[in-house]
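Next up, start.txt (compact mmCIF, N, CA and C atoms):
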# COMPACT_ATOMS: atom_id res chain seq x y z
N MET U 149 112.93 60.44 49.98
CA MET U 149 113.65 60.96 51.13
C MET U 149 112.97 60.39 52.38
N ASN U 150 113.74 59.73 53.21
CA ASN U 150 113.16 59.20 54.44
C ASN U 150 113.29 60.23 55.57
N GLU U 151 112.78 59.89 56.75
CA GLU U 151 112.77 60.83 57.88
C GLU U 151 114.18 61.25 58.31
N GLU U 152 115.12 60.32 58.31
CA GLU U 152 116.49 60.64 58.70
C GLU U 152 117.12 61.61 57.70
N ASP U 153 116.91 61.36 56.42
CA ASP U 153 117.42 62.27 55.38
C ASP U 153 116.82 63.66 55.55
N LYS U 154 115.53 63.70 55.83
CA LYS U 154 114.85 64.98 56.03
C LYS U 154 115.45 65.73 57.21
N LYS U 155 115.66 65.02 58.31
CA LYS U 155 116.23 65.63 59.51
C LYS U 155 117.63 66.18 59.21
N ASN U 156 118.46 65.39 58.55
CA ASN U 156 119.82 65.83 58.22
C ASN U 156 119.80 67.03 57.28
N PHE U 157 118.92 67.01 56.31
CA PHE U 157 118.80 68.10 55.36
C PHE U 157 118.44 69.40 56.08
N LEU U 158 117.45 69.33 56.97
CA LEU U 158 117.02 70.53 57.68
C LEU U 158 118.08 71.03 58.66
N GLU U 159 118.82 70.13 59.29
CA GLU U 159 119.91 70.53 60.18
C GLU U 159 121.00 71.24 59.39
N ASP U 160 121.33 70.71 58.24
CA ASP U 160 122.32 71.34 57.38
C ASP U 160 121.86 72.73 56.96
N PHE U 161 120.59 72.84 56.63
CA PHE U 161 120.04 74.12 56.21
C PHE U 161 120.12 75.14 57.34
N LYS U 162 119.81 74.73 58.57
CA LYS U 162 119.85 75.63 59.73
C LYS U 162 121.26 76.15 59.99
N LYS U 163 122.25 75.30 59.81
CA LYS U 163 123.64 75.66 60.12
C LYS U 163 124.28 76.54 59.05
N ALA U 164 123.74 76.54 57.89
CA ALA U 164 124.37 77.20 56.74
C ALA U 164 124.05 78.69 56.69
N ASN U 165 124.82 79.38 55.88
CA ASN U 165 124.53 80.76 55.54
C ASN U 165 123.28 80.74 54.68
N ILE U 166 122.20 81.28 55.19
CA ILE U 166 120.90 81.19 54.51
C ILE U 166 120.96 81.79 53.10
N GLU U 167 121.68 82.89 52.93
CA GLU U 167 121.76 83.49 51.60
C GLU U 167 122.34 82.52 50.58
N LYS U 168 123.28 81.69 51.02
CA LYS U 168 123.89 80.72 50.11
C LYS U 168 123.02 79.47 49.93
N LYS U 169 122.10 79.27 50.83
CA LYS U 169 121.26 78.07 50.75
C LYS U 169 119.90 78.32 50.11
N MET U 170 119.64 79.54 49.68
CA MET U 170 118.34 79.82 49.08
C MET U 170 118.11 79.00 47.81
N ASP U 171 119.19 78.58 47.15
CA ASP U 171 119.01 77.72 45.98
C ASP U 171 118.33 76.42 46.37
N MET U 172 118.60 75.93 47.58
CA MET U 172 117.94 74.72 48.07
C MET U 172 116.44 74.97 48.24
N TRP U 173 116.11 76.14 48.74
CA TRP U 173 114.72 76.52 48.95
C TRP U 173 113.97 76.53 47.61
N PHE U 174 114.55 77.20 46.63
CA PHE U 174 113.90 77.28 45.32
C PHE U 174 113.82 75.91 44.65
N TYR U 175 114.83 75.10 44.83
CA TYR U 175 114.81 73.74 44.28
C TYR U 175 113.65 72.95 44.90
N ALA U 176 113.49 73.06 46.21
CA ALA U 176 112.40 72.36 46.90
C ALA U 176 111.04 72.82 46.38
N LEU U 177 110.90 74.12 46.17
CA LEU U 177 109.63 74.64 45.63
C LEU U 177 109.36 74.09 44.24
N GLU U 178 110.39 74.02 43.42
CA GLU U 178 110.22 73.46 42.08
C GLU U 178 109.81 72.00 42.15
N GLN U 179 110.40 71.27 43.08
CA GLN U 179 110.07 69.86 43.23
C GLN U 179 108.63 69.67 43.67
N ILE U 180 108.16 70.55 44.55
CA ILE U 180 106.75 70.46 44.98
C ILE U 180 105.83 70.58 43.78
N ALA U 181 106.09 71.59 42.96
CA ALA U 181 105.24 71.80 41.78
C ALA U 181 105.32 70.61 40.84
N LEU U 182 106.52 70.09 40.62
CA LEU U 182 106.70 68.95 39.73
C LEU U 182 105.93 67.73 40.25
N TRP U 183 106.05 67.45 41.54
CA TRP U 183 105.37 66.28 42.09
C TRP U 183 103.86 66.45 42.14
N GLU U 184 103.38 67.67 42.38
CA GLU U 184 101.94 67.90 42.35
C GLU U 184 101.39 67.62 40.95
N GLU U 185 102.10 68.08 39.92
CA GLU U 185 101.68 67.82 38.54
C GLU U 185 101.74 66.33 38.23
N THR U 186 102.80 65.67 38.67
CA THR U 186 102.96 64.24 38.41
C THR U 186 101.86 63.43 39.08
N ILE U 187 101.57 63.76 40.32
CA ILE U 187 100.51 63.05 41.07
C ILE U 187 99.16 63.27 40.40
N ALA U 188 98.90 64.49 39.95
CA ALA U 188 97.62 64.78 39.27
C ALA U 188 97.51 63.96 37.98
N GLU U 189 98.60 63.88 37.22
CA GLU U 189 98.58 63.09 35.99
C GLU U 189 98.41 61.60 36.29
N MET U 190 99.06 61.11 37.33
CA MET U 190 98.90 59.71 37.72
C MET U 190 97.46 59.43 38.11
N SER U 191 96.83 60.35 38.81
CA SER U 191 95.44 60.19 39.21
C SER U 191 94.53 60.13 37.99
N ASP U 192 94.78 61.03 37.02
CA ASP U 192 93.99 61.01 35.79
C ASP U 192 94.13 59.68 35.06
N ILE U 193 95.35 59.19 34.94
CA ILE U 193 95.61 57.91 34.27
C ILE U 193 94.89 56.78 34.98
N ALA U 194 94.98 56.76 36.31
CA ALA U 194 94.33 55.70 37.08
C ALA U 194 92.81 55.75 36.90
N GLN U 195 92.24 56.94 36.92
CA GLN U 195 90.79 57.06 36.74
C GLN U 195 90.36 56.60 35.36
N LYS U 196 91.11 57.00 34.33
CA LYS U 196 90.78 56.58 32.96
C LYS U 196 90.92 55.07 32.81
N THR U 197 91.93 54.51 33.44
CA THR U 197 92.14 53.06 33.38
C THR U 197 90.99 52.33 34.05
N GLN U 198 90.56 52.81 35.20
CA GLN U 198 89.44 52.19 35.90
C GLN U 198 88.14 52.33 35.11
N GLN U 199 87.93 53.49 34.50
CA GLN U 199 86.73 53.67 33.68
C GLN U 199 86.75 52.74 32.48
N GLY U 200 87.93 52.55 31.88
CA GLY U 200 88.05 51.64 30.76
C GLY U 200 87.76 50.21 31.15
N LYS U 201 88.22 49.80 32.31
CA LYS U 201 87.96 48.44 32.80
C LYS U 201 86.48 48.24 33.07
N LYS U 202 85.81 49.24 33.62
CA LYS U 202 84.39 49.13 33.91
C LYS U 202 83.59 49.02 32.61
N ALA U 203 84.00 49.78 31.61
CA ALA U 203 83.29 49.76 30.32
C ALA U 203 83.43 48.39 29.66
N VAL U 204 84.60 47.77 29.77
CA VAL U 204 84.83 46.45 29.19
C VAL U 204 84.01 45.40 29.92
N MET U 205 83.85 45.54 31.21
CA MET U 205 83.11 44.56 32.01
C MET U 205 81.61 44.64 31.78
N GLU U 206 81.13 45.80 31.35
CA GLU U 206 79.67 45.97 31.18
C GLU U 206 79.20 45.45 29.91

The structure in this file should be written as structure tokens.
Amino acid sequence: MNEEDKKNFLEDFKKANIEKKMDMWFYALEQIALWEETIAEMSDIAQKTQQGKKAVME
């Protein structure tokens, strides 16, 4: 999502009936959790890969 998409999304959210848009809120929260887990797993993979490369070089 780029800055323009973010701006449009938030404008749409402001204009809407909040009770009907709460599904968007919960979806965003789920996405945060999913991406935090994904980033943590990517970090673990990168660290293990780097450690493996160092072990091979030694």

**OP:** Please tell me which residues are no farther than 6.5 Å from (118.3, 75.9, 53.5) in the file, counting only N, CA and C atoms, and write them as a list in words.
**Re:** Asp160, Phe161, Lys162, Ile166, Lys169, Met170, Met172 and Trp173 of chain U

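A straight line drawn from atom CA of U:Lys154 to atom CA of U:Ala176 is 12.0 Å long.
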
Original post:
For the atom pair atom C of U:Lys168 and atom CA of U:Ile180, what is the interatomic distance in Å to one decimal place?
Top reply: 19.2 Å

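Taking atom C of U:Tyr175 and atom N of U:Leu158 as endpoints, the distance between them is 13.2 Å.
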
First collect every listed atom of stretch 174-185 of chain U; then fit an axis-aligned box around them, widen it by 5 Å on each side, and give centre and edge lengths in Å to one decimal, as AutoDock Vina command-line options.
--center_x 108.1 --center_y 71.8 --center_z 42.6 --size_x 23.4 --size_y 21.0 --size_z 18.7
